[in-house]
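Peer 1: Before anything else, here's the structure in question.
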Amino acid sequence: MDETRNPSSFYSCHVLPNGTTSDRGDRNALIAFLADKYTALRVAGLKQSPQSFSATLDGELRLTLPEKLKRIQQHNKHILVVVKQSSGSASSGNPWYDSPWVGQATLFGPMRWEEYIAPLQSIPLPEALTDDQIQLLAGVHGQQSPRTKLGTAFWHMTALYIDVTHRRLGLAKKLCLAAFEHIKNESVAKGYQSALLRIIIKPTNTVVVDMYRSLGFDIVEGPRATLAEATKCAEDTDSLPADYREQAAYMGRGGLFMLKHIDLAQEREGS
């Protein structure tokens, strides 16, 4: 295929194994290799686009190997990476993870409603969201019944990043589509009837907002997110400073909540 016509076809998306499977035979060696390569990708990302992550470069560089291993083996955490396929890599027999990694996104889920809203309930009054505002994050204009919520797999996506030398190739969209497919598969496998994906982004980045809208995300009208809430939703609470509640940068409400309903009907019919 002509790369100038479809450049994203020379890239592929993969979900990192969580430590329970391996295609190298030596599970421990593979997971350690992936953990180091994932850290290198995040370090590069924090140098290029620190706003894409809730973590800091200093914190990333200080991670020990056990800490690196722990985060990629975390329960209900799914890390997707974009890989640049070298010429002839498929026929050479080399595994995908030996190719250059040029992007990533992180999914958390599937979660129950209580888990999904817990980070938003941890902010003390008077800055906390009201119960009515939190209900809007259930989707369907906040009108989901308790019974419907029980059948919904709630997901959160964060840290979507593409290396600056590989942008404008449609890779962010490609990564999102891979994430949607993974959500479908995981949610159906665990018996859910529907899935709802949440992201939190800066409203000033209109290019990103428009991209997510083109992928079926809707802006939640009303409540805005704090950086502290976004950090907690990304399960990166350790990166918050001890006095974050006194810092306007962490407690000011400016982030957009965006939601996407993911149809599981087709997956269920085929399962």
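Chain identifiers are assigned as A, B, and so on, following the order in which chains appear in the structure tokens; residues are numbered from 1 within each chain, and ligands are numbered from 1 in order of appearance.
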Can you pull out every residue within 6 Å of range 192-201 of chain A, counting only C-alpha atoms, but drop anything in the same chain fewer than 3 positions away, and send it as a list in words?
Peer 2: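 What passes the distance filter is Gly151, Thr152, Ala153, Phe154, Trp155, His156, Met157, Ser187, Val188, Gly255, Leu256, Phe257, Met258, Leu259, Lys260, His261, Ile262 and Leu264 of chain A.
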Peer 1: Determine, for each residue of range 92-189 of chain A having at least one atom at most 8 Å from an atom of range 231-253 of chain A, the closest pair of atoms and their separation in Å to one decimal, counting only C-alpha atoms; order by chain and ascending number, as a Markdown table.
Peer 2:
| residue | atom | partner | partner_atom | distance |
| --- | --- | --- | --- | --- |
| A:Phe108 | CA | A:Ala234 | CA | 7.8 |
| A:Pro119 | CA | A:Lys232 | CA | 5.5 |
| A:Leu120 | CA | A:Cys233 | CA | 7.9 |
| A:Glu127 | CA | A:Met251 | CA | 7.4 |
| A:His156 | CA | A:Cys233 | CA | 7.3 |
| A:Met157 | CA | A:Ala234 | CA | 7.8 |
| A:Thr158 | CA | A:Ala234 | CA | 6.3 |
Peer 1: Once you have the residues from the selection above, write them out as a PDB file, in the first residue's frame, restricted to N, CA and C atoms.
Peer 2:
ATOM      1  N   PHE A 108      -8.992   2.739  32.130  1.00  0.00           N
ATOM      2  CA  PHE A 108      -9.335   2.147  33.417  1.00  0.00           C
ATOM      3  C   PHE A 108     -10.760   1.630  33.324  1.00  0.00           C
ATOM      4  N   PRO A 119     -13.490   9.180  42.549  1.00  0.00           N
ATOM      5  CA  PRO A 119     -12.519  10.283  42.523  1.00  0.00           C
ATOM      6  C   PRO A 119     -13.172  11.659  42.579  1.00  0.00           C
ATOM      7  N   LEU A 120     -14.414  11.745  42.112  1.00  0.00           N
ATOM      8  CA  LEU A 120     -15.114  13.023  42.085  1.00  0.00           C
ATOM      9  C   LEU A 120     -15.754  13.343  43.434  1.00  0.00           C
ATOM     10  N   GLU A 127     -15.684  22.978  47.318  1.00  0.00           N
ATOM     11  CA  GLU A 127     -15.277  22.813  45.918  1.00  0.00           C
ATOM     12  C   GLU A 127     -15.882  21.581  45.259  1.00  0.00           C
ATOM     13  N   HIS A 156     -12.715   4.974  31.945  1.00  0.00           N
ATOM     14  CA  HIS A 156     -12.062   6.280  31.884  1.00  0.00           C
ATOM     15  C   HIS A 156     -10.811   6.142  31.028  1.00  0.00           C
ATOM     16  N   MET A 157     -10.595   7.100  30.121  1.00  0.00           N
ATOM     17  CA  MET A 157      -9.395   7.090  29.281  1.00  0.00           C
ATOM     18  C   MET A 157      -8.568   8.332  29.565  1.00  0.00           C
ATOM     19  N   THR A 158      -7.257   8.156  29.641  1.00  0.00           N
ATOM     20  CA  THR A 158      -6.367   9.262  29.945  1.00  0.00           C
ATOM     21  C   THR A 158      -5.023   9.063  29.241  1.00  0.00           C
TER      22      THR A 158
END
Peer 1: Based on DSSP run over this structure's backbone, return all residues of range 200-249 of chain A in alpha helix (DSSP H), as a PyMOL selection string.
Peer 2: chain A and resi 206-214+227-233+248-249
Peer 1: With N, CA, C and O atoms retained, could you export that selection as a short mmCIF file (atom, residue, chain, number, x, y, z; two decimals), in the first residue's frame?
Peer 2:
data_model
loop_
_atom_site.label_atom_id
_atom_site.label_comp_id
_atom_site.auth_asym_id
_atom_site.auth_seq_id
_atom_site.Cartn_x
_atom_site.Cartn_y
_atom_site.Cartn_z
N THR A 206 -8.87 23.16 21.20
CA THR A 206 -10.04 22.95 20.35
C THR A 206 -9.83 21.86 19.30
O THR A 206 -10.79 21.19 18.90
N VAL A 207 -8.60 21.67 18.86
CA VAL A 207 -8.32 20.62 17.88
C VAL A 207 -8.63 19.24 18.48
O VAL A 207 -9.27 18.39 17.84
N VAL A 208 -8.22 19.04 19.72
CA VAL A 208 -8.48 17.77 20.40
C VAL A 208 -9.97 17.61 20.68
O VAL A 208 -10.54 16.52 20.50
N VAL A 209 -10.62 18.69 21.13
CA VAL A 209 -12.06 18.63 21.38
C VAL A 209 -12.80 18.23 20.11
O VAL A 209 -13.68 17.36 20.13
N ASP A 210 -12.44 18.83 18.99
CA ASP A 210 -13.10 18.51 17.72
C ASP A 210 -12.83 17.07 17.30
O ASP A 210 -13.72 16.40 16.74
N MET A 211 -11.61 16.57 17.56
CA MET A 211 -11.32 15.18 17.22
C MET A 211 -12.21 14.23 18.00
O MET A 211 -12.80 13.29 17.44
N TYR A 212 -12.33 14.47 19.31
CA TYR A 212 -13.17 13.59 20.12
C TYR A 212 -14.64 13.69 19.71
O TYR A 212 -15.36 12.68 19.70
N ARG A 213 -15.08 14.88 19.36
CA ARG A 213 -16.46 15.01 18.89
C ARG A 213 -16.68 14.20 17.62
O ARG A 213 -17.73 13.58 17.44
N SER A 214 -15.69 14.22 16.73
CA SER A 214 -15.82 13.46 15.48
C SER A 214 -15.87 11.96 15.73
O SER A 214 -16.35 11.20 14.89
N LEU A 227 -8.07 19.78 38.08
CA LEU A 227 -6.89 18.97 37.79
C LEU A 227 -6.73 17.88 38.84
O LEU A 227 -6.29 16.76 38.52
N ALA A 228 -7.10 18.17 40.08
CA ALA A 228 -7.01 17.15 41.13
C ALA A 228 -7.92 15.97 40.81
O ALA A 228 -7.53 14.81 40.98
N GLU A 229 -9.14 16.25 40.35
CA GLU A 229 -10.07 15.17 40.00
C GLU A 229 -9.55 14.38 38.80
O GLU A 229 -9.62 13.14 38.78
N ALA A 230 -9.03 15.08 37.79
CA ALA A 230 -8.49 14.39 36.62
C ALA A 230 -7.33 13.48 37.02
O ALA A 230 -7.20 12.36 36.50
N THR A 231 -6.49 13.96 37.93
CA THR A 231 -5.36 13.17 38.40
C THR A 231 -5.83 11.93 39.14
O THR A 231 -5.29 10.83 38.98
N LYS A 232 -6.86 12.08 39.95
CA LYS A 232 -7.39 10.94 40.70
C LYS A 232 -8.11 9.95 39.78
O LYS A 232 -8.02 8.74 39.99
N CYS A 233 -8.81 10.47 38.77
CA CYS A 233 -9.45 9.57 37.80
C CYS A 233 -8.41 8.75 37.05
O CYS A 233 -8.67 7.62 36.64
N ALA A 248 -4.67 26.79 43.45
CA ALA A 248 -5.72 27.05 42.46
C ALA A 248 -5.52 26.22 41.20
O ALA A 248 -6.50 25.84 40.55
N ALA A 249 -4.28 25.93 40.86
CA ALA A 249 -4.02 25.15 39.65
C ALA A 249 -4.65 23.77 39.72
O ALA A 249 -5.05 23.20 38.69
#
Peer 1: Taking into account only C-alpha atoms, which residue in the set A:Lys173, A:Lys77, A:His182, A:Arg112 is nearest to Leu150 in chain A?
Peer 2: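 Smallest distance to Leu150 in chain A is found for A:Arg112.
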Peer 1: Please provide as a PyMOL selection string all residues within 9 Å of His14 in chain A, with the sequence filter that same-chain residues fewer than 4 positions apart are discarded (counting only C-alpha atoms).
Peer 2: chain A and resi 79-83+96-97+178
Peer 1: Pull N, CA and C atoms from the residues just selected and write them as a CSV table (one decimal), in the first residue's frame.
Peer 2:
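Listing of result-v1.csv after writing:
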chain,number,residue,atom,x,y,z
A,79,ILE,N,-3.2,-0.6,29.0
A,79,ILE,CA,-2.3,0.3,28.4
A,79,ILE,C,-2.2,-0.1,26.9
A,80,LEU,N,-2.6,0.9,26.0
A,80,LEU,CA,-2.5,0.7,24.6
A,80,LEU,C,-1.3,1.5,24.1
A,81,VAL,N,-0.6,0.9,23.2
A,81,VAL,CA,0.6,1.6,22.5
A,81,VAL,C,0.5,1.5,21.0
A,82,VAL,N,1.0,2.6,20.4
A,82,VAL,CA,1.1,2.6,18.9
A,82,VAL,C,2.5,2.3,18.5
A,83,VAL,N,2.7,1.4,17.6
A,83,VAL,CA,4.0,0.9,17.2
A,83,VAL,C,4.2,1.2,15.7
A,96,TRP,N,6.0,-7.6,17.9
A,96,TRP,CA,5.6,-6.2,17.7
A,96,TRP,C,6.3,-5.3,18.7
A,97,TYR,N,6.6,-5.8,19.9
A,97,TYR,CA,7.1,-4.9,20.9
A,97,TYR,C,8.6,-4.5,20.8
A,178,ALA,N,-8.9,1.7,18.5
A,178,ALA,CA,-8.4,0.5,19.1
A,178,ALA,C,-8.9,0.4,20.5
Peer 1: Please return as a ChimeraX atom specification: the residues of range 4-207 of chain A that backbone DSSP assigns to strand (DSSP E).
Peer 2: /A:11-15,77-84,101-111,152-162,194-201
